[in-house]
Amino acid sequence: MSYGNRIAELREQRGLTQEELANSIHITRAALSHYEKNRRKPDFEVLTRLADIFDVSIDYLIGRTKQSDMVMDEDVREFVDALELSDKEVLERFDLMIDGKPLTEEEARRFIAFVRMERSMD
């Protein structure tokens, strides 16, 4: 099932109009219509808001799983949110991958430095 069909199906199951759902996630009705008809892909922020409204995972919304209830429990979410990628212990424990190859410690540090520099520019 496509992401558009899934969004439309969830909206209809909850008895919401396109206008009501669009207002609740701070987009236009026209944008929601484009998503539901697979003419445009929602960005990460919109997907996050939709997942929160419907209480499903983003993976479910985009069709990567058929199980709608695969949402992280609060303890796991807090743990993931608190991970600091620059911690040596985290780098040693998890394989951070790009293009199927693990990042070296130096690559991970450069990546983190890039993100920090980008954030400082905002």
# chains A, B, ... in the order shown; residues from 1 in each chain; ligands from 1
>>> residues_around(residues="region 35-38 of chain A", least_positions_apart="2", cutoff="10 Å", atoms="only C-alpha atoms", output="count of residues only")
18
>>> select_by_dssp(residues="chain A", states="helix (DSSP H, G or I)", output="PyMOL selection string")
chain A and resi 3-13+18-24+29-36+44-54+58-61+74-82+88-93+105-121
>>> atom_distance(atom1="CA of Gly63 (chain A)", atom2="CA of Asp99 (chain A)")
22.0 Å
>>> atom_distance(atom1="CA of Phe44 (chain A)", atom2="CA of Gln13 (chain A)")
22.7 Å
>>> closest_residue(among="A:Val115, A:Ile27, A:Ile98, A:Leu103", to="Asp43 (chain A)", atoms="only C-alpha atoms")
A:Ile27
>>> closest_residue(among="A:Ser24, A:Gln67, A:Thr17, A:Ser120", to="Val46 (chain A)", atoms="only C-alpha atoms")
A:Ser24
>>> closest_residue(among="A:Met97, A:Met1, A:Leu10, A:Ala113", to="Asp55 (chain A)", atoms="only C-alpha atoms")
A:Leu10
>>> select_by_dssp(residues="chain A", states="strand (DSSP E)", output="list of chain:residue names")
A:Met97, A:Ile98, A:Lys101, A:Pro102
>>> atom_distance(atom1="CA of Arg39 (chain A)", atom2="CA of Ile62 (chain A)")
14.0 Å
